[in-house]
Amino acid sequence: MITRGPGTYEGVYFDDMLYLSGAGTYVFRDCIVEGTEQLWGIFAYDANLGGSSTILLEDCTLRWKAGDALSTGGQGAIINLGVSLTLTARRCDISGKTDGMQVAGSVLVEDTYIHDLVWAGVVPDNTHNAGIQCFEGDLTVTGSYFRVGAQAPFSNSCLFFQGGGIDQVLVDGNYFSGGGY
């Protein structure tokens with residue numbers, strides 16, 4: 001696990017999960033994050049960030065580290081679970097995790113490709129893949145491409161919503177393929 005505080009990171013290769021710690025602005029441009037399947041790619045949570053924080057991912061690749069063990073746990077390439085967080089993912093390539101993103105807060109996803117999620121486990125301990133899981137807050141998804149597959153019993157949906165705190169959702173100009181668990 002690699003811990004990072006607020007700042008700008010450009011062209012950096014992270015060979016393990018990123019754990020964001022400290023309130024502020026995080027900017028990741030042209031970065032690669034190869035989180036292990038046992039953990040997330042980027043983990044951001046209200047309690048870790050100590051208040052309102054902004055996370056910007058532009059032209060980043062988030063993927064599973066080849067050769068690492070596969071997990072049936074619900075780990076996403078991006079975990080942004082905090083109503084005080086703002087996340088923008090723009091032109092990102094996300095693959096090889098159980099879920100693309102698990103989010104809460106204010107989230108904007110633009111021109112992002114979520115694909116080739118990992119299918120692992122045996123019922124009832126199998127993956128339930130989703131492109132984006134939204135639990136709370138606002139979600140806008142535009143111009144993005146989702147390929148989550150339609151492999152029973154693994155595929156859940158391209159977009160999955162759960163919880164009573166979802167305020168506004170805008171989904172426009174996307175391509176969705178797969179789902180149906």
# chains A, B, ... in the order shown; residues from 1 in each chain; ligands from 1
call {"tool": "select_by_dssp", "arguments": {"residues": "region 6-181 of chain A", "states": "helix (DSSP H, G or I)", "output": "JSON, numbers by chain"}}
result
{"A": [46, 47, 48, 49]}
call {"tool": "write_last_selection", "arguments": {"atoms": "all heavy atoms", "output": "compact mmCIF listing (two decimals), in the first residue's frame"}}
result
# COMPACT_ATOMS: atom_id res chain seq x y z
N ASP A 46 -13.87 9.53 3.64
CA ASP A 46 -14.00 10.74 4.45
C ASP A 46 -13.09 10.74 5.68
O ASP A 46 -12.37 11.69 5.93
CB ASP A 46 -15.44 10.91 4.95
CG ASP A 46 -16.31 11.67 3.95
OD1 ASP A 46 -15.76 12.28 3.03
OD2 ASP A 46 -17.53 11.65 4.12
N ALA A 47 -13.13 9.66 6.44
CA ALA A 47 -12.37 9.60 7.69
C ALA A 47 -10.86 9.71 7.44
O ALA A 47 -10.13 10.30 8.24
CB ALA A 47 -12.69 8.31 8.43
N ASN A 48 -10.38 9.18 6.34
CA ASN A 48 -8.95 9.23 6.03
C ASN A 48 -8.53 10.61 5.55
O ASN A 48 -7.38 11.01 5.71
CB ASN A 48 -8.60 8.23 4.93
CG ASN A 48 -8.97 6.83 5.30
OD1 ASN A 48 -9.21 6.53 6.45
ND2 ASN A 48 -9.05 5.97 4.32
N LEU A 49 -9.47 11.32 4.90
CA LEU A 49 -9.13 12.60 4.29
C LEU A 49 -9.38 13.78 5.20
O LEU A 49 -8.98 14.89 4.89
CB LEU A 49 -9.88 12.76 2.97
CG LEU A 49 -9.53 11.69 1.93
CD1 LEU A 49 -10.40 11.84 0.70
CD2 LEU A 49 -8.07 11.75 1.57
call {"tool": "select_by_dssp", "arguments": {"residues": "region 11-108 of chain A", "states": "strand (DSSP E)", "output": "PyMOL selection string"}}
result
chain A and resi 13-14+18-20+25-29+32-35+42-45+53-58+61-64+76-81+85-90+93-95+99-108
call {"tool": "atom_distance", "arguments": {"atom1": "CA of Asp30 (chain A)", "atom2": "CA of Ala89 (chain A)"}}
result
11.8 Å
call {"tool": "residues_around", "arguments": {"residues": "region 13-25 of chain A", "least_positions_apart": "5", "cutoff": "12 Å", "atoms": "only C-alpha atoms", "output": "PyMOL selection string"}}
result
chain A and resi 1-8+30-57+60-66+68+75-81+84-88+97
call {"tool": "closest_residue", "arguments": {"among": "A:Asn126, A:Thr112, A:Ser155, A:Gln168", "to": "Thr140 (chain A)", "atoms": "only C-alpha atoms"}}
result
A:Gln168
